[in-house]
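Participant: For reference, the structure I am asking about is given below.
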Amino acid sequence: MFLVSFEGLDGSGKSTQAHLLAAWYRERGFEVELLREPGGTDTSEIIRDLLLDRERRIDPFAELLLFSAARSQMVTEKVRPLLEAGVVVICDRFFDSTTAYQGFGRGLAEPVWLNAFHRQVTGGLVPDRTYLIEITPELARSRRQGRSEDDRMEASGEEFYRRVYDGYRWLAESESDRVRCLDGSGSIQELSETIRRDAEALINGTGRAGSGNAATI
Ligand code: ADP
Ligand code: TYD
C-alpha cells in the first residue's frame with residue numbers, strides 16, 4: 001500500500017494537511033495510519049523526548065543517529081507491517097527531514113552519503129509520495145508563535161532554519177519525481193485540494209512516482 005510523507009519547516013502546515021489527507025483516504029474506504037517523526041512507537045517517543053529537550057546538549061552526529069534510530073524502530077515496528085497489511089501510512093516527516101535538518105541545517109554530511117545511510121536505516125523503504133510544504137523561515141516562525149515554548153530544535157536560530165530551507169529546496173529539485181513542492185502560503189483549503197488531486201492520481205496509477213509498492217522496494 002502507499003507510504004506518503006509530509007515535509008517542511010516547523011509550522012509549515014504539515015500536520016494540518018496530513019490529518020486532512022488521512023480523512024480523505026478514510027472517506028474513500030482506505031484504512032489509514034498517521035504517524036509522526038520522531039515518534040510513532042514507545043521507543044521512538046522516548047528518543048523524541050531526548051531530542052527535543054531544551055536542557056540537553058546533543059552532539060550533531062549523535063543527533064543524526066538518534067533521529068535515525070527512532071525511524072529505524074518505527075519502520076520495523078509499524079510502517080512495514082502496516083503497509084504489508086494493506087494500510088495507507090502517512091508520516092508527518094520521514095528521512096528527508098534528516099537530510100534538511102541534520103545534513104543541511106547542521107552541515108553534517110553529504111547528501112549522497114546521507115541518501116545511502118537513509119536506505120540502510122529504512123531497509124530501502126522510500127515514500128511513494130512526499131509533499132513538501134514550502135514556506136519561508138519568517139512565515140514559519142510567525143505561525144509557530146503562540147504555540148508552546150520553542151523545543152531544542154526550534155531554538156537552533158534563524159541561520160539554521162535558513163539552511164534547512166535551502167536543504168528542502170535542494171530536495172525538491174533533486175527528487176522531483178517523488179517530492180511534490182507546494183506553496184505553503186496558500187490557504188489550508190487550496191493546499192488540501194492540490195494534495196487530493198495528486199493523491200487521486202496516485203491511486204489511479206497516473207502519478208509518476210507512486211506505484212503503491214513502498215514495502216517491496
Ligand atoms: P506543522 O505540523 O508543519 O508544524 P501545523 O499544521 O501544526 O504545522 O500548522 C501550524 C499553524 O499554522 C497552525 O496554527 C495551523 O492552524 C496554521 N496553518 C496550517 N496551514 C495553514 C495555512 N495554509 N495557512 C494559514 N495557517 C495555516
Ligand atoms: P515536531 O514538533 O514533530 O515538528 P513540527 O514542529 O514541524 O510539528 O518536531 C520535530 C522536530 O525535529 C522538528 O524541529 C524537526 C526536527 N527533525 C529533525 O531535525 N530531523 C529529523 O530527522 C526529524 C524527523 C525531525
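If you're wondering about the labels, chains in the C-alpha cells are A, B, ... by order shown, residues count from 1 in each chain, ligands from 1 in order shown.
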May I have the residues within 8 Å of Thr130 in chain A as a PyMOL selection string, using only C-alpha atoms and disregarding those fewer than 6 positions away in the same chain?
Facilitator: chain A and resi 4-7+178-180
Participant: Would you name the residues within 10 Å of ligand 1, counting only C-alpha atoms and all ligand atoms, and put them as a CSV table (one decimal) with N, CA and C atoms, in the first residue's frame?
Facilitator:
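The resulting file, pocket.csv, is shown below:
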chain,number,residue,atom,x,y,z
A,6,PHE,N,5.0,13.9,4.7
A,6,PHE,CA,4.9,15.3,4.7
A,6,PHE,C,6.2,15.9,5.2
A,7,GLU,N,6.6,17.0,4.5
A,7,GLU,CA,7.9,17.6,4.9
A,7,GLU,C,7.7,19.1,4.9
A,8,GLY,N,8.6,19.8,5.6
A,8,GLY,CA,8.5,21.3,5.6
A,8,GLY,C,9.1,21.8,7.0
A,9,LEU,N,9.3,23.1,7.0
A,9,LEU,CA,9.7,23.7,8.3
A,9,LEU,C,8.7,23.5,9.4
A,10,ASP,N,9.1,23.6,10.6
A,10,ASP,CA,8.2,23.6,11.7
A,10,ASP,C,7.2,24.7,11.6
A,11,GLY,N,5.9,24.4,11.6
A,11,GLY,CA,4.9,25.5,11.4
A,11,GLY,C,4.4,25.6,10.0
A,12,SER,N,4.9,24.8,9.1
A,12,SER,CA,4.6,25.0,7.6
A,12,SER,C,3.2,24.5,7.3
A,13,GLY,N,2.6,23.7,8.2
A,13,GLY,CA,1.2,23.2,8.0
A,13,GLY,C,1.2,21.7,7.6
A,14,LYS,N,2.2,21.0,7.9
A,14,LYS,CA,2.3,19.6,7.6
A,14,LYS,C,1.2,18.8,8.4
A,15,SER,N,1.2,19.0,9.7
A,15,SER,CA,0.2,18.2,10.5
A,15,SER,C,-1.2,18.4,10.0
A,16,THR,N,-1.5,19.7,9.7
A,16,THR,CA,-2.9,20.0,9.3
A,16,THR,C,-3.2,19.2,8.0
A,17,GLN,N,-2.3,19.2,7.0
A,17,GLN,CA,-2.5,18.6,5.8
A,17,GLN,C,-2.5,17.1,5.9
A,18,ALA,N,-1.6,16.5,6.8
A,18,ALA,CA,-1.5,15.1,7.0
A,18,ALA,C,-2.9,14.6,7.5
A,19,HIS,N,-3.5,15.3,8.5
A,19,HIS,CA,-4.8,14.9,9.0
A,19,HIS,C,-5.9,15.0,7.9
A,36,ARG,N,3.9,10.2,13.4
A,36,ARG,CA,4.8,11.4,13.4
A,36,ARG,C,6.2,11.0,13.7
A,92,ASP,N,4.1,12.2,9.2
A,92,ASP,CA,4.4,13.6,9.4
A,92,ASP,C,6.0,13.6,9.7
A,93,ARG,N,6.7,13.8,8.6
A,93,ARG,CA,8.2,13.8,8.5
A,93,ARG,C,8.7,12.3,8.3
A,132,LEU,N,6.1,18.4,0.1
A,132,LEU,CA,6.9,19.4,0.8
A,132,LEU,C,6.2,20.7,0.8
A,133,ILE,N,5.8,21.1,2.0
A,133,ILE,CA,5.1,22.4,2.1
A,133,ILE,C,6.1,23.5,2.3
A,134,GLU,N,6.2,24.3,1.3
A,134,GLU,CA,7.3,25.3,1.3
A,134,GLU,C,6.8,26.7,1.8
A,135,ILE,N,7.4,27.1,3.0
A,135,ILE,CA,7.2,28.5,3.4
A,135,ILE,C,8.5,29.0,3.9
A,139,LEU,N,7.8,33.2,7.8
A,139,LEU,CA,6.4,32.8,7.9
A,139,LEU,C,6.2,31.7,8.9
A,140,ALA,N,7.1,30.7,8.8
A,140,ALA,CA,7.1,29.5,9.7
A,140,ALA,C,7.1,30.0,11.1
A,141,ARG,N,8.1,30.9,11.4
A,141,ARG,CA,8.2,31.4,12.8
A,141,ARG,C,6.9,32.1,13.2
A,142,SER,N,6.3,32.9,12.4
A,142,SER,CA,5.1,33.6,12.8
A,142,SER,C,4.0,32.6,13.1
A,143,ARG,N,3.9,31.5,12.3
A,143,ARG,CA,2.9,30.5,12.5
A,143,ARG,C,3.1,29.8,13.8
A,144,ARG,N,4.4,29.7,14.2
A,144,ARG,CA,4.7,28.9,15.5
A,144,ARG,C,4.4,29.8,16.7
A,145,GLN,N,4.3,31.1,16.5
A,145,GLN,CA,4.0,32.0,17.6
A,145,GLN,C,2.7,31.6,18.3
A,146,GLY,N,2.8,31.6,19.7
A,146,GLY,CA,1.6,31.2,20.4
A,146,GLY,C,1.5,29.8,20.7
A,147,ARG,N,2.4,29.0,20.0
A,147,ARG,CA,2.5,27.5,20.4
A,147,ARG,C,3.3,27.5,21.7
A,183,ASP,N,3.1,25.4,-2.5
A,183,ASP,CA,3.3,26.7,-1.9
A,183,ASP,C,2.5,26.9,-0.6
A,184,GLY,N,3.2,26.8,0.5
A,184,GLY,CA,2.6,26.8,1.8
A,184,GLY,C,1.9,28.1,2.2
A,185,SER,N,2.1,29.2,1.4
A,185,SER,CA,1.5,30.4,1.8
A,185,SER,C,0.0,30.5,1.3
A,186,GLY,N,-0.4,29.4,0.5
A,186,GLY,CA,-1.8,29.3,0.1
A,186,GLY,C,-2.7,28.9,1.3
A,187,SER,N,-4.0,28.9,1.1
A,187,SER,CA,-4.9,28.6,2.2
A,187,SER,C,-4.9,27.1,2.5
A,188,ILE,N,-5.4,26.7,3.7
A,188,ILE,CA,-5.4,25.3,4.0
A,188,ILE,C,-6.3,24.6,3.0
A,189,GLN,N,-7.4,25.2,2.6
A,189,GLN,CA,-8.3,24.6,1.6
A,189,GLN,C,-7.6,24.4,0.2
A,190,GLU,N,-6.9,25.4,-0.2
A,190,GLU,CA,-6.2,25.3,-1.6
A,190,GLU,C,-5.2,24.2,-1.5
A,191,LEU,N,-4.4,24.2,-0.5
A,191,LEU,CA,-3.3,23.1,-0.4
A,191,LEU,C,-3.9,21.7,-0.3
A,192,SER,N,-5.0,21.6,0.4
A,192,SER,CA,-5.6,20.2,0.6
A,192,SER,C,-6.2,19.8,-0.8
Participant: Extract the full set of strand (DSSP E) residues from range 94-196 of chain A according to DSSP on the backbone, and format it as a ChimeraX atom specification.
Facilitator: /A:129-134,179-183
Participant: Emit the selected residues as a CSV table (one decimal), in the first residue's frame, including all heavy atoms.
Facilitator:
chain,number,residue,atom,x,y,z
A,129,ARG,N,5.1,9.0,-2.2
A,129,ARG,CA,5.0,10.4,-2.5
A,129,ARG,C,5.3,11.2,-1.3
A,129,ARG,O,5.0,10.8,-0.1
A,129,ARG,CB,3.5,10.7,-2.8
A,129,ARG,CG,3.2,12.1,-3.1
A,129,ARG,CD,3.9,12.7,-4.4
A,129,ARG,NE,3.1,12.4,-5.5
A,129,ARG,CZ,3.5,11.8,-6.6
A,129,ARG,NH1,4.7,11.3,-6.7
A,129,ARG,NH2,2.7,11.6,-7.7
A,130,THR,N,6.0,12.3,-1.5
A,130,THR,CA,6.3,13.2,-0.4
A,130,THR,C,5.8,14.6,-0.7
A,130,THR,O,6.0,15.1,-1.8
A,130,THR,CB,7.9,13.3,-0.2
A,130,THR,OG1,8.3,12.0,0.2
A,130,THR,CG2,8.3,14.3,0.9
A,131,TYR,N,5.0,15.2,0.2
A,131,TYR,CA,4.5,16.6,0.0
A,131,TYR,C,5.4,17.5,0.8
A,131,TYR,O,5.4,17.4,2.0
A,131,TYR,CB,3.0,16.7,0.4
A,131,TYR,CG,2.1,15.8,-0.5
A,131,TYR,CD1,1.6,14.6,0.1
A,131,TYR,CD2,1.9,16.0,-1.8
A,131,TYR,CE1,0.8,13.8,-0.7
A,131,TYR,CE2,1.2,15.2,-2.6
A,131,TYR,CZ,0.6,14.1,-2.0
A,131,TYR,OH,-0.2,13.3,-2.8
A,132,LEU,N,6.1,18.4,0.1
A,132,LEU,CA,6.9,19.4,0.8
A,132,LEU,C,6.2,20.7,0.8
A,132,LEU,O,5.9,21.3,-0.3
A,132,LEU,CB,8.2,19.5,0.0
A,132,LEU,CG,9.1,20.6,0.3
A,132,LEU,CD1,9.5,20.6,1.8
A,132,LEU,CD2,10.4,20.6,-0.5
A,133,ILE,N,5.8,21.1,2.0
A,133,ILE,CA,5.1,22.4,2.1
A,133,ILE,C,6.1,23.5,2.3
A,133,ILE,O,6.7,23.5,3.4
A,133,ILE,CB,4.1,22.3,3.2
A,133,ILE,CG1,3.1,21.1,3.0
A,133,ILE,CG2,3.3,23.6,3.3
A,133,ILE,CD1,2.0,21.0,3.9
A,134,GLU,N,6.2,24.3,1.3
A,134,GLU,CA,7.3,25.3,1.3
A,134,GLU,C,6.8,26.7,1.8
A,134,GLU,O,5.9,27.2,1.2
A,134,GLU,CB,7.9,25.5,-0.1
A,134,GLU,CG,9.2,26.2,0.0
A,134,GLU,CD,9.8,26.3,-1.4
A,134,GLU,OE1,9.1,27.0,-2.3
A,134,GLU,OE2,10.9,25.8,-1.7
A,179,VAL,N,9.0,14.0,-4.9
A,179,VAL,CA,8.7,15.1,-4.0
A,179,VAL,C,7.8,16.2,-4.7
A,179,VAL,O,8.3,16.7,-5.7
A,179,VAL,CB,10.0,15.8,-3.4
A,179,VAL,CG1,9.6,16.9,-2.5
A,179,VAL,CG2,10.8,14.7,-2.7
A,180,ARG,N,6.6,16.4,-4.2
A,180,ARG,CA,5.8,17.5,-4.8
A,180,ARG,C,5.9,18.7,-3.9
A,180,ARG,O,5.6,18.6,-2.7
A,180,ARG,CB,4.3,17.0,-4.8
A,180,ARG,CG,4.0,15.9,-5.7
A,180,ARG,CD,4.0,16.5,-7.2
A,180,ARG,NE,3.6,15.4,-8.1
A,180,ARG,CZ,4.5,14.6,-8.7
A,180,ARG,NH1,5.8,14.8,-8.5
A,180,ARG,NH2,4.1,13.7,-9.5
A,181,CYS,N,6.4,19.8,-4.5
A,181,CYS,CA,6.6,21.0,-3.7
A,181,CYS,C,5.4,21.9,-3.8
A,181,CYS,O,4.9,22.2,-4.9
A,181,CYS,CB,7.8,21.7,-4.3
A,181,CYS,SG,8.4,23.0,-3.4
A,182,LEU,N,4.8,22.3,-2.6
A,182,LEU,CA,3.6,23.0,-2.6
A,182,LEU,C,3.8,24.4,-1.9
A,182,LEU,O,4.6,24.5,-1.0
A,182,LEU,CB,2.5,22.3,-1.8
A,182,LEU,CG,2.3,20.8,-2.2
A,182,LEU,CD1,1.5,20.1,-1.1
A,182,LEU,CD2,1.5,20.8,-3.5
A,183,ASP,N,3.1,25.4,-2.5
A,183,ASP,CA,3.3,26.7,-1.9
A,183,ASP,C,2.5,26.9,-0.6
A,183,ASP,O,1.3,27.0,-0.6
A,183,ASP,CB,2.8,27.8,-3.0
A,183,ASP,CG,2.9,29.2,-2.4
A,183,ASP,OD1,3.4,29.4,-1.3
A,183,ASP,OD2,2.4,30.1,-3.1
Participant: Please list as a short mmCIF file (atom, residue, chain, number, x, y, z; two decimals) with C-alpha atoms, in the first residue's frame every residue within 9 Å of Ser72 in chain A, counting only C-alpha atoms and excluding residues in the same chain fewer than 3 positions away.
Facilitator:
data_model
loop_
_atom_site.label_atom_id
_atom_site.label_comp_id
_atom_site.auth_asym_id
_atom_site.auth_seq_id
_atom_site.Cartn_x
_atom_site.Cartn_y
_atom_site.Cartn_z
CA SER A 44 10.77 6.29 19.30
CA PHE A 67 16.63 10.67 14.67
CA SER A 68 17.63 7.70 12.54
CA ALA A 69 17.31 5.26 15.46
CA VAL A 75 9.78 1.33 10.26
CA THR A 76 10.31 -2.13 11.75
CA GLU A 77 7.58 -1.97 14.36
CA GLN A 120 20.17 1.40 5.39
CA VAL A 121 18.05 2.85 8.19
CA THR A 122 14.73 2.12 6.45
CA GLY A 123 15.82 -1.12 4.78
#
Participant: For Pro111 in chain A, please output as a list in words all residues within 10 Å (counting only C-alpha atoms; exclusion window: fewer than 2 positions along the same chain).
Facilitator: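 My reading of the contact set: Thr99, Ala100, Gly103, Phe104, Leu108, Ala109, Trp113, Leu114, Asn115, Ala116, Phe117, Gly167, Trp170 and Leu171 of chain A.
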Participant: Pick out the residues sitting within 12 Å of Asp151 in chain A, and hand them over as a PDB file with N, CA and C atoms, in the first residue's frame; count only C-alpha atoms, and ignore anything fewer than 3 positions along from it in its own chain.
Facilitator:
ATOM      1  N   ASP A  10       9.115  23.633  10.611  1.00  0.00           N
ATOM      2  CA  ASP A  10       8.188  23.592  11.745  1.00  0.00           C
ATOM      3  C   ASP A  10       7.198  24.747  11.582  1.00  0.00           C
ATOM      4  N   ARG A  48      12.336  10.762  21.005  1.00  0.00           N
ATOM      5  CA  ARG A  48      11.837  12.107  20.695  1.00  0.00           C
ATOM      6  C   ARG A  48      12.013  13.048  21.897  1.00  0.00           C
ATOM      7  N   ASP A  49      11.637  12.532  23.083  1.00  0.00           N
ATOM      8  CA  ASP A  49      11.756  13.374  24.280  1.00  0.00           C
ATOM      9  C   ASP A  49      13.202  13.814  24.492  1.00  0.00           C
ATOM     10  N   LEU A  50      14.138  12.893  24.265  1.00  0.00           N
ATOM     11  CA  LEU A  50      15.567  13.233  24.397  1.00  0.00           C
ATOM     12  C   LEU A  50      15.937  14.339  23.411  1.00  0.00           C
ATOM     13  N   LEU A  51      15.503  14.152  22.153  1.00  0.00           N
ATOM     14  CA  LEU A  51      15.922  15.045  21.077  1.00  0.00           C
ATOM     15  C   LEU A  51      15.357  16.458  21.215  1.00  0.00           C
ATOM     16  N   LEU A  52      14.154  16.575  21.768  1.00  0.00           N
ATOM     17  CA  LEU A  52      13.501  17.892  21.803  1.00  0.00           C
ATOM     18  C   LEU A  52      13.689  18.621  23.134  1.00  0.00           C
ATOM     19  N   ASP A  53      14.332  17.936  24.094  1.00  0.00           N
ATOM     20  CA  ASP A  53      14.535  18.526  25.419  1.00  0.00           C
ATOM     21  C   ASP A  53      15.553  19.673  25.345  1.00  0.00           C
ATOM     22  N   ARG A  54      15.093  20.870  25.645  1.00  0.00           N
ATOM     23  CA  ARG A  54      15.944  22.073  25.536  1.00  0.00           C
ATOM     24  C   ARG A  54      17.132  22.065  26.482  1.00  0.00           C
ATOM     25  N   GLU A  55      17.001  21.321  27.553  1.00  0.00           N
ATOM     26  CA  GLU A  55      18.074  21.325  28.560  1.00  0.00           C
ATOM     27  C   GLU A  55      19.234  20.424  28.160  1.00  0.00           C
ATOM     28  N   ARG A  56      19.030  19.626  27.102  1.00  0.00           N
ATOM     29  CA  ARG A  56      20.020  18.616  26.755  1.00  0.00           C
ATOM     30  C   ARG A  56      20.974  19.142  25.675  1.00  0.00           C
ATOM     31  N   ARG A 144       4.370  29.691  14.237  1.00  0.00           N
ATOM     32  CA  ARG A 144       4.657  28.948  15.477  1.00  0.00           C
ATOM     33  C   ARG A 144       4.377  29.794  16.709  1.00  0.00           C
ATOM     34  N   ARG A 147       2.366  28.954  20.004  1.00  0.00           N
ATOM     35  CA  ARG A 147       2.476  27.549  20.400  1.00  0.00           C
ATOM     36  C   ARG A 147       3.335  27.506  21.653  1.00  0.00           C
ATOM     37  N   SER A 148       3.551  26.305  22.193  1.00  0.00           N
ATOM     38  CA  SER A 148       4.357  26.209  23.402  1.00  0.00           C
ATOM     39  C   SER A 148       5.793  26.687  23.129  1.00  0.00           C
ATOM     40  N   GLU A 154      13.801  23.869  17.599  1.00  0.00           N
ATOM     41  CA  GLU A 154      13.279  25.193  17.219  1.00  0.00           C
ATOM     42  C   GLU A 154      14.141  26.328  17.761  1.00  0.00           C
ATOM     43  N   ALA A 155      14.913  26.028  18.815  1.00  0.00           N
ATOM     44  CA  ALA A 155      15.765  27.054  19.413  1.00  0.00           C
ATOM     45  C   ALA A 155      17.112  27.164  18.691  1.00  0.00           C
ATOM     46  N   SER A 156      17.227  26.537  17.508  1.00  0.00           N
ATOM     47  CA  SER A 156      18.527  26.493  16.815  1.00  0.00           C
ATOM     48  C   SER A 156      18.870  27.776  16.051  1.00  0.00           C
ATOM     49  N   GLY A 157      17.931  28.702  15.945  1.00  0.00           N
ATOM     50  CA  GLY A 157      18.271  30.018  15.374  1.00  0.00           C
ATOM     51  C   GLY A 157      17.902  30.187  13.907  1.00  0.00           C
TER      52      GLY A 157
END
Participant: For a test of reading the model, state the distance in Å between CA of Ala22 in chain A and CA of Glu173 in chain A, rounded to one decimal.
Facilitator: 26.4 Å
Participant: My list of candidates is A:Gly86, A:Gly105, A:Gly205, A:Pro127. Which is closest to Leu64 in chain A when distances are computed with only C-alpha atoms?
Facilitator: A:Gly105
